[in-house]
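Participant: For reference, the structure I am asking about is given below.
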Protein chains: 2
Amino acid sequence: MISWRGFRDRRAAQNARPRATSRPLVVSRVELGDFTPDLDVYLGLAAYLQLALFESLGRASSIAPSTRAKALTGLVATSTLERHKALLVEIERAGKDASDVMQPHTDVIDDFQHRTGGGDWHETMLATFVGAGLLNDVFSRLAAGLPADYRERVVAALEWNAATDEAEIVAELSLAIGADPKLASRLALWGRRLVGDTLLVARAAISASHESADDERLEPVFTELIAAHTRRMDSLGLTA
Amino acid sequence: MISWRGFRDRRAAQNARPRATSRPLVVSRVELGDFTPDLDVYLGLAAYLQLALFESLGRASSIAPSTRAKALTGLVATSTLERHKALLVEIERAGKDASDVMQPHTDVIDDFQHRTGGGDWHETMLATFVGAGLLNDVFSRLAAGLPADYRERVVAALEWNAATDEAEIVAELSLAIGADPKLASRLALWGRRLVGDTLLVARAAISASHESADDERLEPVFTELIAAHTRRMDSLGLTA
């Protein structure tokens, strides 16, 4: 159980020493270029995921605990749909139909969304922060294997406004967690459940390539993904 | 009951003669500048409405009958959130807090959304097309009484991508209506119910001004709003 004071002290301690997240990500970042699926598979999966996130956020907005929380949900949903739209542009550029390339991924993503959508506003926002955050990491790494003329735009689409959104979610959730130790415990548990379901989707994205995904080269990637997850939970004062 | 053939014949007939909608709206358009509420009331109501529409669209997306329908829902939701975001910029420009100015309108809009959200994807999209369309008409007319330096930007925000979205919704709904006469009957009934609930919100927006809204000057406005509603239903081949 984490008190607000404990949280603040911990943040202060983090700020006092060089933080893991302040190191340039590129130093340790293992890329997944060998496991990148075909362009249309990649784009269909990524675009449909953003659409599914928007649905979760729509539900979260309708049960937001305050107008301020609702407004935040709207802003995060806007970014999600902007990413979706930017990915649709790439699908069109690739000469494909958006519905056709998204269709094969509806089952895996709908199932993921069903299990990780969350029971209340706080759970959905945590899912958006840690679940979507982890999957964005995966897609950014997989982008290394996309055709060169797509790579940069796709990564820009995935990262559109992500830092701002994450900061806003962290600020709002931290306030709520600081004010309610029970919520802190519940969200810590929820975060642990989320990471399992999210890694399944990550695995599905990686397995969609022609390479065999049962490869020990994947181990350091999953280690890094989980480390990033731990940092996200930590930024909320929650134990991963 | 309207058959697909009937619908097509009707469209052909409409195209053959000058259509009511092709007349410049400005000729007959009655403005509502005398009934414009204070800037912050106007912006809070308009911004919260767009947020509520996004919630409906989120639910609609999760029950869309096809991936194509889901993709369309995402595009329309994007526009809705873009309008919301543009209105937030105006709220900030006016030196107000978004949550504060939206808060007073949550009851009337949540109630409206609850009654007009729709039971399935088609009903929600019809509500978005005819309900939100009517309210956009009202807010555009009320904008005439806003401070001059806000008026143009607010109208641009309200109308952002509206024509494109309406055309896409009409295309998709028309296909579904043409293929299923039962759906046509059901949506015609739903449209009639929608207009009543929507006019109540229009009335609330108008009554938020200091002017007494029990004014015979309002009659031609409501006549025009209903005429525009009839044209929207007509564009779907449905009787208003």
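So you can find residues: chains in the structure tokens are A, B, ... in the order shown, residues in each start at 1, and ligands are numbered from 1 in order.
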Got a sec to pull out which chain A residues are within 8 Å of chain B, counting only C-alpha atoms, and send them as an MDAnalysis selection string?
Facilitator: chainID A and resid 51:52 54:59 61:62 67:68 71 74:75 77:78 81:82 85 98:100 102:103
Participant: Which residues are near stretch 216-219 of chain B? Cut-off 10 Å, only C-alpha atoms, ignore same chain within fewer than 5 positions. Put them as a list in words.
Facilitator: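 Final neighbour list, sorted by chain and number: Val30, Glu31, Leu32, Asp34, Phe35, Arg203, Ile206, Glu224 and Leu225 of chain B.
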Participant: Kindly save the residues from that selection, with N, CA and C atoms included, as a PDB file, in the first residue's frame.
Facilitator:
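The new file result-v4.pdb reads:
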```
ATOM      1  N   VAL B  30     -32.806  31.944 -40.687  1.00  0.00           N
ATOM      2  CA  VAL B  30     -33.095  32.869 -39.602  1.00  0.00           C
ATOM      3  C   VAL B  30     -32.011  32.709 -38.545  1.00  0.00           C
ATOM      4  N   GLU B  31     -31.379  33.797 -38.198  1.00  0.00           N
ATOM      5  CA  GLU B  31     -30.329  33.686 -37.193  1.00  0.00           C
ATOM      6  C   GLU B  31     -30.903  33.869 -35.789  1.00  0.00           C
ATOM      7  N   LEU B  32     -30.108  33.463 -34.838  1.00  0.00           N
ATOM      8  CA  LEU B  32     -30.587  33.441 -33.454  1.00  0.00           C
ATOM      9  C   LEU B  32     -29.741  34.341 -32.563  1.00  0.00           C
ATOM     10  N   ASP B  34     -30.090  37.092 -31.178  1.00  0.00           N
ATOM     11  CA  ASP B  34     -30.702  37.691 -29.987  1.00  0.00           C
ATOM     12  C   ASP B  34     -30.776  36.714 -28.821  1.00  0.00           C
ATOM     13  N   PHE B  35     -30.643  35.447 -29.148  1.00  0.00           N
ATOM     14  CA  PHE B  35     -30.836  34.422 -28.107  1.00  0.00           C
ATOM     15  C   PHE B  35     -29.522  33.732 -27.726  1.00  0.00           C
ATOM     16  N   ARG B 203     -33.882  23.885 -27.539  1.00  0.00           N
ATOM     17  CA  ARG B 203     -34.634  24.825 -26.714  1.00  0.00           C
ATOM     18  C   ARG B 203     -33.821  25.223 -25.475  1.00  0.00           C
ATOM     19  N   ILE B 206     -31.167  27.653 -26.426  1.00  0.00           N
ATOM     20  CA  ILE B 206     -31.727  28.977 -26.700  1.00  0.00           C
ATOM     21  C   ILE B 206     -32.179  29.651 -25.397  1.00  0.00           C
ATOM     22  N   GLU B 224     -37.697  26.108 -39.697  1.00  0.00           N
ATOM     23  CA  GLU B 224     -36.536  25.828 -40.543  1.00  0.00           C
ATOM     24  C   GLU B 224     -35.752  24.613 -40.067  1.00  0.00           C
ATOM     25  N   LEU B 225     -35.621  24.494 -38.746  1.00  0.00           N
ATOM     26  CA  LEU B 225     -34.869  23.354 -38.204  1.00  0.00           C
ATOM     27  C   LEU B 225     -35.552  22.048 -38.592  1.00  0.00           C
TER      28      LEU B 225
END
```
Participant: So, with only C-alpha atoms as the atoms that count, which of B:Asp111, B:Glu211, B:Glu168, B:Asp234 lies closest to B:Gly145?
Facilitator: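 With only C-alpha atoms as the atom set, the closest residue is B:Glu211.
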Participant: Could you pull the residues within 8 Å of B:Leu238, counting only C-alpha atoms, minus those fewer than 5 positions along the same chain, as an mmCIF file with N, CA and C atoms, in the first residue's frame?
Facilitator:
```cif
data_model
loop_
_atom_site.group_PDB
_atom_site.id
_atom_site.type_symbol
_atom_site.label_atom_id
_atom_site.label_comp_id
_atom_site.auth_asym_id
_atom_site.auth_seq_id
_atom_site.Cartn_x
_atom_site.Cartn_y
_atom_site.Cartn_z
ATOM 1 N N ILE B 2 -39.923 1.580 -47.587
ATOM 2 C CA ILE B 2 -39.250 2.121 -48.759
ATOM 3 C C ILE B 2 -38.330 1.067 -49.356
ATOM 4 N N ALA B 184 -35.489 0.082 -42.590
ATOM 5 C CA ALA B 184 -35.994 1.383 -43.043
ATOM 6 C C ALA B 184 -37.160 1.852 -42.174
ATOM 7 N N LEU B 187 -35.869 2.744 -38.641
ATOM 8 C CA LEU B 187 -35.107 3.999 -38.575
ATOM 9 C C LEU B 187 -36.003 5.213 -38.811
ATOM 10 N N ALA B 188 -37.057 5.037 -39.615
ATOM 11 C CA ALA B 188 -37.987 6.154 -39.821
ATOM 12 C C ALA B 188 -38.661 6.519 -38.489
ATOM 13 N N MET B 233 -33.643 13.332 -43.401
ATOM 14 C CA MET B 233 -34.316 12.030 -43.458
ATOM 15 C C MET B 233 -34.548 11.643 -44.917
#
```
Participant: Hey, what's within 12 Å of A:Arg192 if we count only C-alpha atoms and toss same-chain stuff fewer than 4 positions away? As a short mmCIF file (atom, residue, chain, number, x, y, z; two decimals) with C-alpha atoms, in the first residue's frame, please?
Facilitator:
```cif
data_model
loop_
_atom_site.label_atom_id
_atom_site.label_comp_id
_atom_site.auth_asym_id
_atom_site.auth_seq_id
_atom_site.Cartn_x
_atom_site.Cartn_y
_atom_site.Cartn_z
CA THR A 116 -8.42 -5.31 -20.46
CA GLU A 123 -8.83 0.86 -14.67
CA LEU A 126 -4.38 2.50 -16.45
CA ALA A 127 -4.96 0.03 -19.30
CA VAL A 130 0.39 0.65 -19.46
CA GLY A 131 -1.27 -1.69 -21.98
CA SER A 185 -3.93 -1.58 -4.25
CA ARG A 186 -6.63 -2.33 -6.77
CA LEU A 187 -4.77 -0.64 -9.63
CA ALA A 188 -1.52 -2.40 -8.70
CA GLY A 196 -0.05 -10.65 -19.14
CA ASP A 197 -2.90 -9.98 -21.55
CA THR A 198 -0.90 -7.27 -23.26
CA LEU A 199 2.13 -9.48 -23.78
CA ILE A 226 8.62 -5.64 -18.87
CA HIS A 229 6.13 -1.61 -17.87
CA THR A 230 7.72 -1.51 -14.41
CA ARG A 232 5.31 3.06 -16.01
CA MET A 233 3.79 1.50 -12.90
CA LEU A 238 2.53 1.44 -7.96
CA THR A 239 4.52 -1.75 -7.60
CA ALA A 240 4.58 -3.71 -10.86
#
```
Participant: Please run DSSP on the backbone and report, as a count of residues only, all residues within stretch 6-151 of chain B that come out as alpha helix (DSSP H).
Facilitator: 103
Participant: Pick the closest to B:Asp120 from B:Trp190, B:Tyr42, B:Trp160, B:Phe222: which is it, counting only C-alpha atoms?
Facilitator: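 Of B:Trp190, B:Tyr42, B:Trp160, B:Phe222, the one nearest B:Asp120 is B:Trp190, counting only C-alpha atoms.
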Participant: Between A:Gly178, A:Gly191, A:Pro147, A:Gly117, which one has atoms that come closest to A:Leu39, using only C-alpha atoms?
Facilitator: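 The closest residue to A:Leu39 is A:Pro147.
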Participant: What's the separation between atom CA of A:Glu152 and atom CA of A:Gly44, in Å to one decimal place?
Facilitator: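 Value for the atom CA of A:Glu152-atom CA of A:Gly44 distance: 17.1 Å.
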Participant: Can you tell me which residues surround B:Ser140 at a distance of at most 12 Å, considering only C-alpha atoms, apart from same-chain residues fewer than 4 positions away, and format the answer as number ranges by chain?
Facilitator: B: 26, 29-33, 36, 42-43, 46, 132-136, 144-146, 151-160, 202, 205-206, 225
Participant: Considering only C-alpha atoms, state which residue in the set A:Arg115, A:Val201, A:Ala162, A:His122 is at the smallest distance from A:Asp180.
Facilitator: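 For A:Asp180, the nearest of the given residues is A:His122.
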Participant: As an exercise, work out the distance from atom CA of B:Thr128 to atom CA of A:Pro65 in Å and give it to one decimal place.
Facilitator: 24.9 Å
Participant: Figure out the distance between atom CA of B:Leu49 and atom CA of B:Ile109, please, to one decimal in Å.
Facilitator: 6.4 Å
